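work.txt follows (compact mmCIF, C-alpha atoms):
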# COMPACT_ATOMS: atom_id res chain seq x y z
CA MET A 1 26.49 10.17 -0.71
CA LYS A 2 30.24 10.14 -0.13
CA LYS A 3 31.78 12.66 2.27
CA ALA A 4 34.43 15.21 1.29
CA CYS A 5 36.11 18.30 2.67
CA PHE A 6 38.15 21.28 1.56
CA VAL A 7 41.60 21.49 3.14
CA SER A 8 44.19 24.28 3.03
CA THR A 9 46.41 25.72 5.75
CA ASN A 10 46.35 28.95 3.72
CA GLY A 11 42.77 29.55 4.87
CA PRO A 12 39.33 29.82 3.26
CA GLN A 13 40.48 32.49 0.83
CA ALA A 14 42.78 29.94 -0.82
CA ILE A 15 39.89 27.53 -1.35
CA ASP A 16 37.58 30.23 -2.70
CA GLN A 17 40.31 31.47 -5.01
CA ALA A 18 40.92 28.02 -6.51
CA TYR A 19 37.36 26.67 -6.52
CA SER A 20 34.86 29.08 -8.01
CA GLN A 21 31.36 29.25 -6.61
CA SER A 22 30.22 27.31 -9.65
CA ALA A 23 32.77 24.55 -9.03
CA GLN A 24 31.88 24.36 -5.33
CA THR A 25 28.18 24.16 -6.14
CA LYS A 26 28.72 21.30 -8.59
CA LEU A 27 30.80 19.39 -6.05
CA GLN A 28 28.22 19.92 -3.32
CA GLU A 29 25.50 18.50 -5.57
CA THR A 30 27.14 15.07 -5.53
CA LEU A 31 29.16 15.05 -2.27
CA ASP A 32 28.37 15.61 1.40
CA PHE A 33 30.90 18.19 2.56
CA LEU A 34 32.29 18.22 6.09
CA PRO A 35 33.50 21.53 7.55
CA ALA A 36 36.67 22.74 5.84
CA LEU A 37 40.03 22.22 7.57
CA TYR A 38 42.43 25.15 7.73
CA THR A 39 45.01 24.01 10.29
CA HIS A 40 47.50 21.20 10.85
CA GLU A 41 45.55 20.04 13.90
CA PRO A 42 44.16 16.48 13.78
CA PRO A 43 40.49 16.46 12.73
CA ASP A 44 37.70 15.01 14.88
CA GLU A 45 35.98 11.68 14.39
CA ARG A 46 33.63 12.99 11.68
CA TYR A 47 36.49 12.85 9.19
CA GLN A 48 36.84 9.10 9.68
CA GLU A 49 34.25 8.85 6.90
CA CYS A 50 35.86 11.38 4.55
CA HIS A 51 36.48 9.92 1.09
CA TYR A 52 37.81 12.94 -0.76
CA ILE A 53 39.98 15.96 0.03
CA PHE A 54 39.88 18.99 -2.27
CA SER A 55 42.84 21.27 -1.73
CA THR A 56 45.14 23.86 -3.31
CA TRP A 57 48.23 25.72 -2.11
CA GLY A 58 48.53 24.92 1.59
CA CYS A 59 47.82 21.20 1.27
CA PRO A 60 49.13 19.55 4.47
CA ALA A 61 51.88 16.95 4.20
CA TYR A 62 50.06 14.22 6.15
CA ASP A 63 52.07 11.01 6.53
CA LYS A 64 50.77 7.47 6.18
CA ALA A 65 50.23 6.94 9.92
CA PHE A 66 48.27 10.20 10.24
CA LEU A 67 46.04 9.31 7.30
CA GLU A 68 45.37 5.81 8.56
CA GLN A 69 44.35 7.19 11.95
CA TYR A 70 42.32 10.25 10.98
CA PHE A 71 41.27 9.61 7.34
CA PRO A 72 40.93 5.80 7.11
CA GLN A 73 38.35 5.99 4.29
CA LEU A 74 40.23 8.54 2.17
CA GLU A 75 40.28 7.55 -1.51
CA ALA A 76 41.71 10.56 -3.28
CA VAL A 77 43.12 14.06 -2.96
CA PHE A 78 42.42 16.66 -5.63
CA TYR A 79 45.02 19.43 -5.67
CA ALA A 80 44.10 22.61 -7.55
CA ALA A 81 47.67 23.85 -7.90
CA GLY A 82 51.00 22.84 -9.43
CA SER A 83 53.87 20.99 -7.77
CA VAL A 84 53.01 18.21 -5.31
CA LYS A 85 56.61 17.49 -4.25
CA ALA A 86 56.20 18.94 -0.76
CA PHE A 87 53.38 16.64 0.34
CA ALA A 88 52.67 13.83 -2.14
CA GLU A 89 54.67 11.01 -0.60
CA GLY A 90 52.54 10.49 2.50
CA TYR A 91 49.29 10.19 0.54
CA LEU A 92 50.73 7.86 -2.08
CA ASN A 93 52.31 5.67 0.60
CA ALA A 94 48.88 5.35 2.22
CA GLY A 95 47.37 4.17 -1.06
CA VAL A 96 45.47 7.41 -1.62
CA LYS A 97 45.14 8.50 -5.24
CA LEU A 98 46.49 11.96 -5.93
CA TYR A 99 45.32 14.25 -8.70
CA ALA A 100 46.91 17.65 -9.43
CA ALA A 101 46.43 20.52 -11.85
CA ALA A 102 50.11 20.87 -12.77
CA SER A 103 49.37 20.54 -16.47
CA VAL A 104 46.80 23.34 -16.19
CA ASN A 105 49.24 25.53 -14.24
CA ALA A 106 51.69 24.97 -17.11
CA ILE A 107 49.46 26.95 -19.47
CA PRO A 108 50.07 30.47 -18.06
CA VAL A 109 53.78 29.72 -17.57
CA ALA A 110 54.15 28.71 -21.20
CA ASP A 111 52.19 31.80 -22.28
CA PHE A 112 54.40 34.01 -20.10
CA CYS A 113 57.57 32.50 -21.57
CA LEU A 114 56.31 32.82 -25.12
CA GLY A 115 55.58 36.51 -24.59
CA GLN A 116 59.05 37.05 -23.12
CA ILE A 117 60.70 35.17 -25.99
CA ILE A 118 58.96 37.28 -28.62
CA LEU A 119 59.78 40.57 -26.91
CA ALA A 120 63.34 39.57 -26.02
CA SER A 121 64.08 38.52 -29.60
CA LYS A 122 63.60 42.14 -30.68
CA GLY A 123 65.49 43.64 -27.74
CA TYR A 124 62.34 45.12 -26.26
CA PHE A 125 63.35 44.91 -22.60
CA HIS A 126 66.71 46.64 -22.93
CA LEU A 127 65.53 49.17 -25.50
CA ALA A 128 62.38 50.14 -23.57
CA ARG A 129 64.38 50.69 -20.37
CA GLU A 130 66.86 52.98 -22.17
CA MET A 131 64.33 54.82 -24.30
CA SER A 132 64.35 58.62 -24.32
CA TYR A 133 63.79 61.42 -26.79
CA GLU A 134 67.51 61.96 -27.19
CA ASN A 135 68.56 58.37 -27.93
CA HIS A 136 65.67 57.28 -30.12
CA GLN A 137 67.75 56.88 -33.27
CA THR A 138 70.65 55.28 -31.41
CA LEU A 139 68.36 52.62 -29.98
CA ARG A 140 66.73 51.98 -33.35
CA LYS A 141 70.19 51.28 -34.70
CA LEU A 142 71.02 49.07 -31.70
CA SER A 143 67.83 47.05 -32.27
CA GLU A 144 69.34 45.66 -35.46
CA ASN A 145 71.72 43.56 -33.34
CA TYR A 146 68.91 41.50 -31.81
CA PRO A 147 67.97 38.28 -33.61
CA SER A 148 64.23 38.98 -34.11
CA SER A 149 61.57 36.29 -33.94
CA TYR A 150 62.06 34.82 -37.42
CA GLY A 151 64.34 31.80 -37.52
CA LEU A 152 65.04 32.12 -33.79
CA THR A 153 67.14 29.46 -32.03
CA ILE A 154 65.62 28.71 -28.63
CA GLY A 155 67.21 26.45 -26.02
CA LEU A 156 65.00 24.77 -23.41
CA ILE A 157 66.57 23.31 -20.28
CA GLY A 158 64.29 20.54 -19.07
CA PHE A 159 61.42 19.08 -21.08
CA GLY A 160 58.52 18.65 -18.69
CA GLN A 161 54.93 19.78 -19.16
CA ILE A 162 55.71 23.50 -19.40
CA ALA A 163 58.54 23.12 -21.91
CA ARG A 164 56.49 20.76 -24.07
CA LEU A 165 53.53 23.13 -24.14
CA LEU A 166 55.87 26.05 -24.84
CA THR A 167 57.38 24.12 -27.75
CA LYS A 168 53.95 23.74 -29.34
CA LYS A 169 53.17 27.42 -28.86
CA ILE A 170 56.51 28.51 -30.34
CA GLN A 171 56.01 26.32 -33.39
CA ALA A 172 52.50 27.69 -33.91
CA ILE A 173 53.61 31.33 -33.86
CA LEU A 174 57.34 31.78 -34.59
CA ASP A 175 58.19 30.94 -38.18
CA GLU A 176 61.29 28.84 -38.85
CA SER A 177 62.20 28.65 -35.18
CA LYS A 178 64.65 25.97 -34.05
CA ILE A 179 64.09 24.44 -30.62
CA LEU A 180 66.96 22.73 -28.82
CA VAL A 181 66.37 20.71 -25.65
CA TYR A 182 68.70 19.61 -22.88
CA ASP A 183 67.12 16.93 -20.70
CA PRO A 184 69.14 13.83 -19.79
CA PHE A 185 65.98 11.95 -18.74
CA ILE A 186 64.15 12.28 -22.08
CA SER A 187 65.09 10.35 -25.22
CA SER A 188 66.03 11.94 -28.53
CA GLN A 189 63.07 10.20 -30.13
CA GLU A 190 60.54 11.64 -27.70
CA ILE A 191 61.97 15.15 -28.06
CA ALA A 192 61.99 14.78 -31.84
CA SER A 193 58.30 13.83 -31.74
CA TYR A 194 57.68 17.42 -30.61
CA GLY A 195 59.69 18.81 -33.52
CA ALA A 196 62.65 19.71 -31.30
CA GLN A 197 66.26 18.52 -31.21
CA LYS A 198 67.99 16.98 -28.21
CA ILE A 199 71.33 18.44 -27.13
CA ASP A 200 73.45 16.10 -25.02
CA LYS A 201 75.71 18.70 -23.43
CA LEU A 202 74.42 21.82 -21.70
CA PRO A 203 77.36 24.06 -22.83
CA ASP A 204 76.49 23.26 -26.45
CA LEU A 205 72.95 24.53 -25.91
CA PHE A 206 74.12 27.81 -24.37
CA LYS A 207 76.68 28.45 -27.12
CA VAL A 208 74.14 28.51 -29.94
CA SER A 209 70.80 29.51 -28.39
CA GLU A 210 69.70 33.11 -28.85
CA ILE A 211 67.10 32.56 -26.12
CA VAL A 212 67.64 30.08 -23.25
CA SER A 213 64.65 29.23 -21.05
CA ASN A 214 65.08 27.23 -17.83
CA HIS A 215 62.48 24.58 -16.97
CA LEU A 216 64.51 22.22 -14.79
CA PRO A 217 62.70 20.42 -11.96
CA ASN A 218 63.60 21.51 -8.44
CA LEU A 219 65.82 18.57 -7.44
CA PRO A 220 69.02 18.39 -5.33
CA GLU A 221 71.01 17.35 -8.39
CA THR A 222 69.91 20.43 -10.37
CA VAL A 223 70.99 22.99 -7.74
CA GLY A 224 73.75 25.24 -9.08
CA ASN A 225 73.77 23.68 -12.55
CA LEU A 226 73.71 27.00 -14.39
CA ASN A 227 77.03 28.77 -13.92
CA TYR A 228 79.33 31.46 -15.25
CA GLU A 229 80.87 29.38 -18.05
CA LEU A 230 77.44 28.78 -19.53
CA PHE A 231 76.24 32.39 -19.35
CA ALA A 232 79.53 33.79 -20.63
CA ALA A 233 79.35 31.51 -23.68
CA MET A 234 75.97 32.78 -24.88
CA PRO A 235 75.78 34.45 -28.33
CA ARG A 236 75.82 38.22 -28.61
CA TYR A 237 72.52 39.85 -27.59
CA ALA A 238 71.15 36.59 -26.22
CA THR A 239 68.58 36.32 -23.40
CA PHE A 240 68.30 33.98 -20.41
CA ILE A 241 64.78 33.37 -19.05
CA ASN A 242 64.12 31.68 -15.71
CA THR A 243 60.60 30.64 -14.75
CA GLY A 244 61.84 27.35 -13.26
CA ARG A 245 63.57 27.66 -9.90
CA GLY A 246 66.19 30.13 -8.71
CA ALA A 247 68.39 27.58 -6.93
CA GLN A 248 69.50 26.09 -10.25
CA VAL A 249 71.34 29.32 -11.06
CA VAL A 250 74.64 30.30 -9.46
CA GLU A 251 73.41 33.86 -9.11
CA GLU A 252 76.82 35.45 -8.46
CA ASP A 253 77.96 33.88 -11.74
CA LEU A 254 74.96 35.21 -13.63
CA ALA A 255 75.51 38.70 -12.20
CA LYS A 256 79.19 38.55 -13.17
CA ALA A 257 78.39 37.53 -16.74
CA LEU A 258 75.77 40.27 -17.04
CA ARG A 259 78.21 42.90 -15.80
CA GLU A 260 80.81 41.79 -18.32
CA ARG A 261 78.31 41.38 -21.13
CA PRO A 262 75.84 44.30 -21.20
CA ASP A 263 74.54 42.89 -24.49
CA LEU A 264 73.02 39.95 -22.58
CA THR A 265 69.58 40.11 -20.95
CA ALA A 266 68.22 38.11 -18.00
CA LEU A 267 64.48 37.81 -17.40
CA LEU A 268 64.05 36.34 -13.93
CA ASP A 269 60.68 35.38 -12.46
CA VAL A 270 62.33 33.25 -9.76
CA THR A 271 65.46 33.60 -7.61
CA TRP A 272 66.98 31.94 -4.56
CA PRO A 273 66.21 33.17 -2.01
CA GLU A 274 63.02 34.80 -3.16
CA PRO A 275 63.06 37.77 -3.25
CA PRO A 276 66.79 38.55 -3.52
CA GLN A 277 68.20 40.28 -0.47
CA ALA A 278 68.31 44.07 -0.43
CA GLY A 279 71.30 45.38 -2.36
CA HIS A 280 71.52 42.32 -4.60
CA PRO A 281 73.00 43.05 -8.05
CA PHE A 282 69.79 41.88 -9.71
CA TYR A 283 68.12 45.10 -8.50
CA GLU A 284 70.89 47.26 -9.94
CA LEU A 285 71.97 45.69 -13.23
CA LYS A 286 70.24 47.33 -16.17
CA ASN A 287 70.16 44.09 -18.14
CA VAL A 288 68.24 42.20 -15.43
CA PHE A 289 64.43 42.30 -15.41
CA TYR A 290 63.05 40.73 -12.25
CA SER A 291 59.38 39.92 -11.72
CA PRO A 292 57.84 38.64 -8.44
CA HIS A 293 57.12 34.99 -9.38
CA ILE A 294 54.06 35.72 -11.51
CA ALA A 295 54.42 33.27 -14.41
CA GLY A 296 52.15 30.63 -12.84
CA SER A 297 48.40 30.85 -12.39
CA LYS A 298 47.07 34.19 -11.15
CA GLY A 299 43.61 35.70 -10.84
CA ARG A 300 41.02 33.79 -12.84
CA GLU A 301 43.71 31.38 -14.04
CA ILE A 302 43.64 29.81 -10.57
CA GLN A 303 39.96 28.89 -10.96
CA ARG A 304 40.88 26.97 -14.09
CA MET A 305 42.83 24.60 -11.81
CA GLY A 306 39.80 24.11 -9.56
CA ASP A 307 37.68 23.32 -12.61
CA ALA A 308 40.29 20.77 -13.67
CA MET A 309 40.05 19.05 -10.29
CA TYR A 310 36.29 18.86 -10.63
CA ASP A 311 36.87 17.07 -13.94
CA ALA A 312 39.41 14.77 -12.26
CA TYR A 313 36.88 13.94 -9.54
CA LYS A 314 34.24 13.03 -12.13
CA SER A 315 36.70 10.75 -13.94
CA HIS A 316 37.68 9.13 -10.66
CA GLU A 317 34.06 8.44 -9.78
CA LYS A 318 33.55 6.76 -13.15
CA GLY A 319 36.68 4.66 -12.74
CA GLU A 320 38.30 6.32 -15.75
CA ASN A 321 41.98 7.09 -16.20
CA SER A 322 42.89 10.75 -15.78
CA HIS A 323 45.97 12.57 -17.02
CA TYR A 324 45.78 14.61 -13.82
CA GLU A 325 46.72 11.58 -11.68
CA ILE A 326 50.17 11.66 -10.07
CA LYS A 327 51.98 8.32 -9.92
CA ALA A 328 54.66 7.59 -7.32
CA ALA A 329 57.19 6.59 -9.99
CA ALA A 330 57.00 10.06 -11.58
CA LEU A 331 57.74 12.00 -8.39
CA ALA A 332 61.52 11.68 -8.61
CA HIS A 333 61.81 13.83 -11.73
CA MET A 334 58.90 16.20 -11.17
CA ALA A 335 59.27 19.91 -10.54
Once more with this new file: its structure as structure tokens, please.
Amino acid sequence: MKKACFVSTNGPQAIDQAYSQSAQTKLQETLDFLPALYTHEPPDERYQECHYIFSTWGCPAYDKAFLEQYFPQLEAVFYAAGSVKAFAEGYLNAGVKLYAAASVNAIPVADFCLGQIILASKGYFHLAREMSYENHQTLRKLSENYPSSYGLTIGLIGFGQIARLLTKKIQAILDESKILVYDPFISSQEIASYGAQKIDKLPDLFKVSEIVSNHLPNLPETVGNLNYELFAAMPRYATFINTGRGAQVVEEDLAKALRERPDLTALLDVTWPEPPQAGHPFYELKNVFYSPHIAGSKGREIQRMGDAMYDAYKSHEKGENSHYEIKAAALAHMA
């Protein structure tokens, strides 16, 4: 029986949150588990025979030399969470296969965005915040300015796993919607295969999209890409949604545009830094709705990622290909 261990510097609660008791039991039926590792300290000689690491948030960024010394038999790491950018390189350089539940973590983010798109299209966020007995009729009249969900033009920035899943969900629910995509790394043909249209220039997407949703990967070249000129050019009563990363937004520019354009709405699940510092305009502007980075997996949704890594392990054992596997060539453009 091959040996395995759970690893997370976030402690045992992180492992139990990601891997349900059922998932742990199934793994323990086919693997001999060593004591879990919860620190960055080098493990003892028992782990020389470890073949598999099961992890989640808090996966250590071991480098090739560390792995060769302390985990010489390691075959694969199974990561029950999303982005692997912070730690993947060392494992891949050491020839260790890496599997991650990013595609599973995309599900709640896409659901979250879809809900925001539907509500924003009818002006729900602004109207609900302003609602009172006295202005009921005024707000009903104002609601007529919002585009509504029928025939909605939605702009997606970035076309990774979340945006692709969101595209499918939009098309299944929102009649006659038009989806525009800005992603310089994806061909027009591939985007068209999802029923969407590629836009070559980001300003053109902002000028016509009634909803803009950011899904750019967190890369040095995407930092500060979303600026005042883009936000100021949005159509009347448009909405900007950010569940990607806050660093891609020039936040002073967004705040300026929102001050000048009270008809615009910003729905921000991420900022940079996170949270915004005390006194930041995002806390004060009435057309900003800020949530504490909740779009990704929460509660029972996290266990779905652990279940996915159990499936990845079974595929690995059978020598089958798995869509959960992370290849080194894909890292450069991943979130």
Query raised in the report: Taking only C-alpha atoms into account, which of A:Tyr146, A:Leu180, A:Asn214, A:Ala4 comes nearest A:Asp200?
Result: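 With only C-alpha atoms as the atom set, the closest residue is A:Leu180.
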So which residues touch A:Met309 within 8 Å, counting only C-alpha atoms, skipping near sequence neighbours fewer than 4 positions away, as an MDAnalysis selection string? chainID A and resid 78:80 99:101 305 313
**Asked** Which of these residues is nearest to A:Val84, using all atoms listed in the file: A:Ala120, A:Leu152, A:Ala266, A:Ala61?
**Response**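 For A:Val84, the nearest of the given residues is A:Ala61.
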The distance between atom CA of A:Asn321 and atom CA of A:Ala102 is 16.4 Å
- Task: Within 12 Å of A:Gly11, counting all atoms listed in the file, which residues show up once you throw out same-chain ones fewer than 3 positions away? Write them as a VMD selection string, please.
- Result: chain A and resid 6 to 8 14 to 18 36 to 40 55 to 60
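Nearest residue to A:Asp183 among A:Val288, A:Leu92, A:Leu27, A:Ala196 is A:Ala196, counting only C-alpha atoms.
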- Which residue gives the smallest distance to A:His293 among A:Ile53, A:Val249, A:Val109, A:Ala233, with all atoms listed in the file counted?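 Closest to A:His293 of all the choices is A:Val109.
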Excluding A:Ser315 and residues on its chain fewer than 4 positions from it, collect all residues at most 12 Å away from it, counting all atoms listed in the file, and give them as a list in words.
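Residues near the query, excluding close chain neighbours: Ala76, Phe78, Tyr99, Ala308, Met309, Tyr310, Asp311, Gly319, Glu320, Asn321, Ser322, His323, Tyr324 and Glu325 of chain A.
Nearest residue to A:Arg304 among A:Ile191, A:Lys2, A:Ala106, A:Asn93 is A:Ala106, counting only C-alpha atoms.
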Show me, as a compact mmCIF listing (two decimals) with C-alpha atoms, keeping the file's coordinate frame, the residues that have an atom within 6 Å of stretch 155-170 of chain A when counting all atoms listed in the file, minus same-chain residues fewer than 3 positions from it.
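Final file, result_12.txt:
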# COMPACT_ATOMS: atom_id res chain seq x y z
CA ALA A 106 51.69 24.97 -17.11
CA ALA A 110 54.15 28.71 -21.20
CA ILE A 173 53.61 31.33 -33.86
CA LEU A 174 57.34 31.78 -34.59
CA ILE A 179 64.09 24.44 -30.62
CA LEU A 180 66.96 22.73 -28.82
CA VAL A 181 66.37 20.71 -25.65
CA TYR A 182 68.70 19.61 -22.88
CA ASP A 183 67.12 16.93 -20.70
CA SER A 209 70.80 29.51 -28.39
CA VAL A 212 67.64 30.08 -23.25
CA SER A 213 64.65 29.23 -21.05
CA ASN A 214 65.08 27.23 -17.83
CA HIS A 215 62.48 24.58 -16.97
CA LEU A 216 64.51 22.22 -14.79
So, with all atoms listed in the file as the atoms that count, which of A:Pro12, A:Gly123, A:Gly296, A:Pro108 lies closest to A:Lys141?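 The shortest atom-to-atom distance to A:Lys141 comes from A:Gly123.
For the atom pair formed by atom CA of A:Ala232 and atom CA of A:Tyr124, the distance is 21.3 Å, given to one decimal.
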Neighbours of A:Phe125 within 12 Å (only C-alpha atoms; same-chain residues fewer than 5 positions away dropped), as an mmCIF file with C-alpha atoms, keeping the file's coordinate frame?
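Wrote it out as part-v9.cif, contents follow:
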data_model
loop_
_atom_site.group_PDB
_atom_site.id
_atom_site.type_symbol
_atom_site.label_atom_id
_atom_site.label_comp_id
_atom_site.auth_asym_id
_atom_site.auth_seq_id
_atom_site.Cartn_x
_atom_site.Cartn_y
_atom_site.Cartn_z
ATOM 1 C CA GLY A 115 55.580 36.510 -24.590
ATOM 2 C CA GLN A 116 59.050 37.050 -23.120
ATOM 3 C CA ILE A 117 60.700 35.170 -25.990
ATOM 4 C CA ILE A 118 58.960 37.280 -28.620
ATOM 5 C CA LEU A 119 59.780 40.570 -26.910
ATOM 6 C CA ALA A 120 63.340 39.570 -26.020
ATOM 7 C CA GLU A 130 66.860 52.980 -22.170
ATOM 8 C CA MET A 131 64.330 54.820 -24.300
ATOM 9 C CA LEU A 139 68.360 52.620 -29.980
ATOM 10 C CA SER A 143 67.830 47.050 -32.270
ATOM 11 C CA TYR A 146 68.910 41.500 -31.810
ATOM 12 C CA TYR A 237 72.520 39.850 -27.590
ATOM 13 C CA ALA A 238 71.150 36.590 -26.220
ATOM 14 C CA THR A 239 68.580 36.320 -23.400
ATOM 15 C CA ASP A 263 74.540 42.890 -24.490
ATOM 16 C CA LEU A 264 73.020 39.950 -22.580
ATOM 17 C CA THR A 265 69.580 40.110 -20.950
ATOM 18 C CA ALA A 266 68.220 38.110 -18.000
ATOM 19 C CA LEU A 267 64.480 37.810 -17.400
ATOM 20 C CA LYS A 286 70.240 47.330 -16.170
ATOM 21 C CA ASN A 287 70.160 44.090 -18.140
ATOM 22 C CA VAL A 288 68.240 42.200 -15.430
ATOM 23 C CA PHE A 289 64.430 42.300 -15.410
ATOM 24 C CA TYR A 290 63.050 40.730 -12.250
#
